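Asks: Sharing protein17.tsv, TSV, C-alpha atoms:
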```
chain	number	residue	atom	x	y	z
A	832	MET	CA	43.29	-12.57	-18.03
A	833	ASN	CA	45.14	-10.21	-15.73
A	834	LYS	CA	43.81	-7.30	-13.69
A	835	THR	CA	45.11	-4.62	-16.08
A	836	SER	CA	43.40	-6.28	-19.05
A	837	LEU	CA	40.10	-6.48	-17.16
A	838	ILE	CA	40.33	-2.82	-16.19
A	839	ALA	CA	41.08	-1.82	-19.80
A	840	LEU	CA	38.23	-4.01	-21.05
A	841	THR	CA	35.82	-2.42	-18.59
A	842	ALA	CA	36.95	1.06	-19.64
A	843	VAL	CA	36.40	0.26	-23.34
A	844	GLN	CA	32.95	-1.17	-22.63
A	845	GLY	CA	32.08	1.88	-20.54
A	846	ALA	CA	33.19	4.25	-23.31
A	847	CYS	CA	31.17	2.32	-25.91
A	848	ALA	CA	28.05	2.32	-23.75
A	849	LEU	CA	28.57	6.01	-22.99
A	850	PHE	CA	28.72	6.74	-26.71
A	851	PHE	CA	25.28	5.19	-27.29
A	852	VAL	CA	23.71	6.88	-24.26
A	853	LEU	CA	25.14	10.30	-25.11
A	854	ASP	CA	24.08	9.94	-28.74
A	855	ILE	CA	20.50	9.28	-27.66
A	856	LEU	CA	20.50	12.10	-25.09
A	857	LEU	CA	21.97	14.61	-27.55
A	858	THR	CA	19.31	13.65	-30.08
A	859	ILE	CA	16.46	13.88	-27.55
A	860	PHE	CA	17.49	17.29	-26.21
A	861	GLY	CA	18.60	18.64	-29.58
A	862	ALA	CA	21.99	19.57	-28.14
A	863	ARG	CA	24.00	18.48	-31.16
A	864	THR	CA	25.28	21.61	-32.87
A	865	SER	CA	26.23	20.08	-36.18
A	866	PRO	CA	25.02	16.74	-37.46
A	867	LEU	CA	27.51	13.98	-38.11
A	868	SER	CA	27.72	12.59	-41.59
A	869	TRP	CA	25.98	9.25	-41.84
A	870	LYS	CA	29.30	7.51	-42.68
A	871	VAL	CA	31.02	8.84	-39.54
A	872	ARG	CA	27.97	8.03	-37.44
A	873	GLU	CA	27.78	4.46	-38.79
A	874	LEU	CA	31.51	3.93	-38.22
A	875	LEU	CA	31.22	5.16	-34.64
A	876	GLU	CA	28.22	2.92	-33.99
A	877	ILE	CA	29.96	-0.09	-35.54
A	878	GLY	CA	33.08	0.59	-33.43
A	879	ALA	CA	31.02	0.92	-30.25
A	880	ALA	CA	29.03	-2.23	-31.02
A	881	VAL	CA	32.22	-4.20	-31.75
A	882	GLY	CA	33.69	-2.90	-28.48
A	883	LEU	CA	30.64	-4.10	-26.54
A	884	ILE	CA	30.65	-7.50	-28.28
A	885	LEU	CA	34.38	-7.89	-27.69
A	886	GLY	CA	33.92	-6.91	-24.05
A	887	ALA	CA	31.10	-9.40	-23.56
A	888	THR	CA	33.12	-12.17	-25.24
A	889	LEU	CA	36.26	-11.49	-23.22
A	890	GLY	CA	34.15	-11.17	-20.08
A	891	MET	CA	32.73	-14.64	-20.69
A	892	ILE	CA	36.25	-16.02	-21.23
A	893	ALA	CA	37.39	-14.42	-17.96
A	894	LEU	CA	34.34	-15.85	-16.16
A	895	ARG	CA	34.94	-19.33	-17.56
A	896	THR	CA	38.62	-19.16	-16.54
A	897	ALA	CA	37.69	-18.02	-13.03
A	898	MET	CA	35.13	-20.82	-12.72
A	899	ARG	CA	37.71	-23.39	-13.86
A	900	GLU	CA	40.26	-22.07	-11.35
A	901	ARG	CA	37.64	-22.18	-8.61
A	902	ALA	CA	36.83	-25.80	-9.43
A	903	VAL	CA	40.54	-26.69	-9.22
A	904	ALA	CA	40.86	-24.88	-5.87
A	905	GLU	CA	37.75	-26.61	-4.50
A	906	GLU	CA	39.10	-30.00	-5.56
A	907	SER	CA	42.44	-29.24	-3.91
A	908	LEU	CA	40.64	-28.24	-0.73
A	909	ARG	CA	38.61	-31.46	-0.83
A	910	VAL	CA	41.80	-33.51	-1.16
A	911	VAL	CA	43.42	-31.64	1.75
A	912	ARG	CA	40.34	-32.07	3.94
A	913	THR	CA	40.25	-35.79	3.20
A	914	ALA	CA	43.96	-36.15	3.91
A	915	PHE	CA	43.60	-34.25	7.19
A	916	GLN	CA	40.64	-36.38	8.26
A	917	ASP	CA	42.67	-39.51	7.47
A	918	HIS	CA	45.58	-38.07	9.46
A	919	LEU	CA	43.30	-37.38	12.43
A	920	GLN	CA	41.91	-40.89	12.35
A	921	ASP	CA	45.42	-42.38	12.08
A	922	LYS	CA	46.57	-40.39	15.13
A	923	PHE	CA	43.45	-41.28	17.08
A	924	GLY	CA	43.97	-44.95	16.22
A	925	ALA	CA	47.66	-44.84	17.19
A	926	TRP	CA	46.71	-43.35	20.55
A	927	GLY	CA	44.04	-46.03	21.06
A	928	LEU	CA	41.16	-43.61	21.50
A	929	THR	CA	37.68	-45.03	21.96
A	930	GLY	CA	34.83	-43.86	19.73
A	931	ALA	CA	33.61	-41.44	22.40
A	932	GLU	CA	37.13	-40.10	22.94
A	933	ARG	CA	37.53	-39.60	19.19
A	934	ASP	CA	34.34	-37.52	19.15
A	935	VAL	CA	35.48	-35.44	22.12
A	936	ALA	CA	38.96	-34.96	20.61
A	937	LEU	CA	37.48	-33.86	17.29
A	938	PHE	CA	35.10	-31.41	18.95
A	939	SER	CA	37.97	-30.09	21.07
A	940	LEU	CA	40.09	-29.54	17.97
A	941	LYS	CA	37.17	-27.70	16.39
A	942	GLY	CA	37.22	-25.33	19.37
A	943	LEU	CA	34.07	-26.36	21.23
A	944	SER	CA	34.07	-25.81	24.99
A	945	VAL	CA	33.54	-28.62	27.48
A	946	SER	CA	29.93	-27.53	28.02
A	947	GLU	CA	29.29	-27.33	24.26
A	948	ILE	CA	30.77	-30.82	23.74
A	949	ALA	CA	28.62	-32.16	26.59
A	950	SER	CA	25.55	-30.60	25.02
A	951	VAL	CA	26.31	-31.93	21.53
A	952	ARG	CA	27.08	-35.42	22.84
A	953	ASP	CA	24.16	-35.34	25.31
A	954	THR	CA	26.38	-36.21	28.26
A	955	SER	CA	27.63	-34.51	31.42
A	956	GLU	CA	30.51	-32.06	31.55
A	957	GLY	CA	32.24	-34.38	34.04
A	958	THR	CA	32.22	-37.18	31.47
A	959	VAL	CA	33.66	-34.87	28.80
A	960	LYS	CA	36.38	-33.72	31.22
A	961	ALA	CA	37.27	-37.33	32.05
A	962	GLN	CA	37.37	-38.26	28.37
A	963	SER	CA	39.49	-35.17	27.64
A	964	ASN	CA	41.98	-36.15	30.33
A	965	ALA	CA	42.17	-39.67	28.87
A	966	ILE	CA	42.81	-38.18	25.41
A	967	TYR	CA	45.58	-35.92	26.70
A	968	ARG	CA	47.20	-38.82	28.58
A	969	LYS	CA	47.07	-41.14	25.55
A	970	ALA	CA	48.39	-38.40	23.25
A	971	GLY	CA	51.16	-37.50	25.69
A	972	VAL	CA	50.11	-33.87	26.06
A	973	ASN	CA	49.07	-31.65	28.97
A	974	GLY	CA	45.96	-30.02	27.49
A	975	ARG	CA	43.93	-28.85	24.55
A	976	ALA	CA	46.53	-26.36	23.32
A	977	GLN	CA	49.23	-29.02	23.14
A	978	LEU	CA	46.82	-31.43	21.45
A	979	MET	CA	46.10	-28.79	18.82
A	980	SER	CA	49.80	-28.05	18.42
A	981	LEU	CA	50.47	-31.70	17.52
A	982	PHE	CA	48.31	-31.34	14.44
A	983	ILE	CA	49.56	-27.87	13.56
A	984	GLU	CA	53.13	-29.17	13.70
A	985	ASP	CA	52.19	-32.01	11.36
A	986	LEU	CA	50.72	-29.50	8.90
A	987	MET	CA	53.82	-27.32	9.05
A	988	LEU	CA	56.39	-30.09	8.60
A	989	GLU	CA	58.32	-29.88	5.36
A	990	ASP	CA	58.91	-32.98	3.28
```
The structure in this file should be written as structure tokens.

Replies:
Amino acid sequence: MNKTSLIALTAVQGACALFFVLDILLTIFGARTSPLSWKVRELLEIGAAVGLILGATLGMIALRTAMRERAVAEESLRVVRTAFQDHLQDKFGAWGLTGAERDVALFSLKGLSVSEIASVRDTSEGTVKAQSNAIYRKAGVNGRAQLMSLFIEDLMLED
């Protein structure tokens, strides 16, 4: 269901609800100047009720469609995340990174600072710096930015 249809649907539902509310208010305050014939009144109420039912039904269809599309998008994201994790592990393996170096490389790619990595890994900043230098040497880069760019390039490559 497109945006225009949803806007039109909302407008119809609003008009139908407004009819019922105004009818009640006009009756309560006695503001109606001439009474409607019962046939006209019944037809208006039936039309408004059908509009509300139609709106609720189409709203449920739109919700179900949106939920289905969200599930597809979440599955696609899960597949991409898994593929990227596999890609990371393949690169780390090709570079011959140790387990500790893999952790440091991953935290670096996530944007953690040396002190944050040291804190998370419960080690000294000097150790993290030494492991980072070993990672850069094995990956053939000069620093964190170039390490990150290796993976960004891989994501941007066209088949």

Asks: For Leu978 of chain A, which residue among A:Ser955, A:Ser944, A:Ser865, A:Ser939 is the nearest when counting only C-alpha atoms?

Replies: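 For Leu978 of chain A, the nearest of the candidates is A:Ser939.
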
Asks: Looking at all atoms listed in the file, which of A:Ala936, A:Ala879, A:Ala970, A:Leu986 is the one that sits closest to Val852 of chain A?

Replies: A:Ala879

Asks: For segment 884-886 of chain A, list every protein, DNA or RNA residue within 8 Å, evaluated using only C-alpha atoms, and leave out those in the same chain fewer than 5 positions away; present the list as a ChimeraX atom specification.

Replies: /A:840-841,843-844

Asks: For a cutoff of 12 Å around the file-coordinate point (41.5, -36.4, 25.6), which residues qualify once you count only C-alpha atoms? I'd like the result as a PyMOL selection string.

Replies: chain A and resi 923+926-940+945+958-979

Asks: Between atom CA of Asp985 of chain A and atom CA of Lys941 of chain A, what is the spacing in Å?

Replies: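 That distance, rounded to one decimal, is 16.4 Å.
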
Asks: Quick check, in Å to one decimal: how far apart do atom CA of Phe982 of chain A and atom CA of Phe915 of chain A lie?

Replies: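 About the pair atom CA of Phe982 of chain A and atom CA of Phe915 of chain A: they are 9.1 Å apart.
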
Asks: May I ask for the distance between atom CA of Asp854 of chain A and atom CA of Thr835 of chain A, given in Å to one decimal place?

Replies: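 Separation of atom CA of Asp854 of chain A and atom CA of Thr835 of chain A: 28.5 Å.
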
Asks: May I ask which of the residues A:Leu837, A:Glu984, A:Val911, A:Leu874 is the closest one to Leu894 of chain A, counting all atoms listed in the file?

Replies: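 Residue with the minimum atom-to-atom distance to Leu894 of chain A: A:Leu837.
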
Asks: Taking all atoms listed in the file into account, name the residue in A:Asp921, A:Glu876, A:Ala842, A:Met898 that is nearest to Ile855 of chain A.

Replies: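 Among the listed residues, the smallest separation from Ile855 of chain A belongs to A:Glu876.
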
Asks: Emit as lines of an AutoDock Vina configuration file the padded axis-aligned box for all listed atoms of segment 852-858 of chain A, 8 Å per side, with centre and edge lengths in Å to one decimal.

Replies:
```
center_x = 22.2
center_y = 10.7
center_z = -27.2
size_x = 21.8
size_y = 23.7
size_z = 21.8
```

Asks: Please rebuild segment 841-873 of chain A with N, CA and C atoms and return the result as an mmCIF file, in the frame of the given file.

Replies:
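The resulting file, selection_27.cif, is shown below:
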```
data_model
loop_
_atom_site.group_PDB
_atom_site.id
_atom_site.type_symbol
_atom_site.label_atom_id
_atom_site.label_comp_id
_atom_site.auth_asym_id
_atom_site.auth_seq_id
_atom_site.Cartn_x
_atom_site.Cartn_y
_atom_site.Cartn_z
ATOM 1 N N THR A 841 36.952 -3.113 -19.204
ATOM 2 C CA THR A 841 35.820 -2.420 -18.590
ATOM 3 C C THR A 841 35.754 -0.968 -19.049
ATOM 4 N N ALA A 842 36.903 -0.324 -19.178
ATOM 5 C CA ALA A 842 36.950 1.060 -19.640
ATOM 6 C C ALA A 842 36.437 1.169 -21.080
ATOM 7 N N VAL A 843 36.850 0.252 -21.943
ATOM 8 C CA VAL A 843 36.400 0.260 -23.340
ATOM 9 C C VAL A 843 34.890 0.040 -23.402
ATOM 10 N N GLN A 844 34.389 -0.924 -22.637
ATOM 11 C CA GLN A 844 32.950 -1.170 -22.630
ATOM 12 C C GLN A 844 32.184 0.054 -22.117
ATOM 13 N N GLY A 845 32.728 0.685 -21.078
ATOM 14 C CA GLY A 845 32.080 1.880 -20.540
ATOM 15 C C GLY A 845 32.037 3.001 -21.566
ATOM 16 N N ALA A 846 33.145 3.200 -22.276
ATOM 17 C CA ALA A 846 33.190 4.250 -23.310
ATOM 18 C C ALA A 846 32.202 3.950 -24.432
ATOM 19 N N CYS A 847 32.114 2.690 -24.836
ATOM 20 C CA CYS A 847 31.170 2.320 -25.910
ATOM 21 C C CYS A 847 29.727 2.535 -25.463
ATOM 22 N N ALA A 848 29.407 2.120 -24.262
ATOM 23 C CA ALA A 848 28.050 2.320 -23.750
ATOM 24 C C ALA A 848 27.753 3.801 -23.596
ATOM 25 N N LEU A 849 28.736 4.570 -23.134
ATOM 26 C CA LEU A 849 28.570 6.010 -22.990
ATOM 27 C C LEU A 849 28.286 6.674 -24.328
ATOM 28 N N PHE A 850 28.958 6.197 -25.382
ATOM 29 C CA PHE A 850 28.720 6.740 -26.710
ATOM 30 C C PHE A 850 27.238 6.608 -27.085
ATOM 31 N N PHE A 851 26.677 5.404 -26.919
ATOM 32 C CA PHE A 851 25.280 5.190 -27.290
ATOM 33 C C PHE A 851 24.333 6.037 -26.443
ATOM 34 N N VAL A 852 24.590 6.106 -25.154
ATOM 35 C CA VAL A 852 23.710 6.880 -24.260
ATOM 36 C C VAL A 852 23.798 8.364 -24.596
ATOM 37 N N LEU A 853 24.998 8.880 -24.777
ATOM 38 C CA LEU A 853 25.140 10.300 -25.110
ATOM 39 C C LEU A 853 24.516 10.629 -26.460
ATOM 40 N N ASP A 854 24.674 9.729 -27.418
ATOM 41 C CA ASP A 854 24.080 9.940 -28.740
ATOM 42 C C ASP A 854 22.567 10.083 -28.622
ATOM 43 N N ILE A 855 21.952 9.223 -27.841
ATOM 44 C CA ILE A 855 20.500 9.280 -27.660
ATOM 45 C C ILE A 855 20.102 10.564 -26.932
ATOM 46 N N LEU A 856 20.834 10.889 -25.850
ATOM 47 C CA LEU A 856 20.500 12.100 -25.090
ATOM 48 C C LEU A 856 20.683 13.368 -25.920
ATOM 49 N N LEU A 857 21.748 13.437 -26.701
ATOM 50 C CA LEU A 857 21.970 14.610 -27.550
ATOM 51 C C LEU A 857 20.860 14.745 -28.587
ATOM 52 N N THR A 858 20.397 13.621 -29.097
ATOM 53 C CA THR A 858 19.310 13.650 -30.080
ATOM 54 C C THR A 858 18.001 14.092 -29.428
ATOM 55 N N ILE A 859 17.709 13.542 -28.244
ATOM 56 C CA ILE A 859 16.460 13.880 -27.550
ATOM 57 C C ILE A 859 16.408 15.363 -27.200
ATOM 58 N N PHE A 860 17.489 15.904 -26.665
ATOM 59 C CA PHE A 860 17.490 17.290 -26.210
ATOM 60 C C PHE A 860 17.925 18.267 -27.295
ATOM 61 N N GLY A 861 18.221 17.768 -28.482
ATOM 62 C CA GLY A 861 18.600 18.640 -29.580
ATOM 63 C C GLY A 861 19.872 19.428 -29.295
ATOM 64 N N ALA A 862 20.769 18.865 -28.548
ATOM 65 C CA ALA A 862 21.990 19.570 -28.140
ATOM 66 C C ALA A 862 23.107 19.453 -29.168
ATOM 67 N N ARG A 863 22.950 18.640 -30.157
ATOM 68 C CA ARG A 863 24.000 18.480 -31.160
ATOM 69 C C ARG A 863 24.023 19.740 -32.031
ATOM 70 N N THR A 864 25.183 20.353 -32.125
ATOM 71 C CA THR A 864 25.280 21.610 -32.870
ATOM 72 C C THR A 864 25.373 21.381 -34.365
ATOM 73 N N SER A 865 26.157 20.382 -34.754
ATOM 74 C CA SER A 865 26.230 20.080 -36.180
ATOM 75 C C SER A 865 26.069 18.573 -36.346
ATOM 76 N N PRO A 866 25.253 18.173 -37.291
ATOM 77 C CA PRO A 866 25.020 16.740 -37.460
ATOM 78 C C PRO A 866 26.265 16.041 -38.010
ATOM 79 N N LEU A 867 26.421 14.800 -37.589
ATOM 80 C CA LEU A 867 27.510 13.980 -38.110
ATOM 81 C C LEU A 867 27.086 13.411 -39.458
ATOM 82 N N SER A 868 28.060 13.229 -40.315
ATOM 83 C CA SER A 868 27.720 12.590 -41.590
ATOM 84 C C SER A 868 27.313 11.147 -41.284
ATOM 85 N N TRP A 869 26.472 10.594 -42.120
ATOM 86 C CA TRP A 869 25.980 9.250 -41.840
ATOM 87 C C TRP A 869 27.110 8.235 -41.844
ATOM 88 N N LYS A 870 28.170 8.438 -42.646
ATOM 89 C CA LYS A 870 29.300 7.510 -42.680
ATOM 90 C C LYS A 870 30.055 7.521 -41.346
ATOM 91 N N VAL A 871 30.306 8.727 -40.829
ATOM 92 C CA VAL A 871 31.020 8.840 -39.540
ATOM 93 C C VAL A 871 30.172 8.236 -38.426
ATOM 94 N N ARG A 872 28.882 8.551 -38.463
ATOM 95 C CA ARG A 872 27.970 8.030 -37.440
ATOM 96 C C ARG A 872 27.930 6.506 -37.476
ATOM 97 N N GLU A 873 27.813 5.925 -38.657
ATOM 98 C CA GLU A 873 27.780 4.460 -38.790
ATOM 99 C C GLU A 873 29.086 3.837 -38.312
#
```
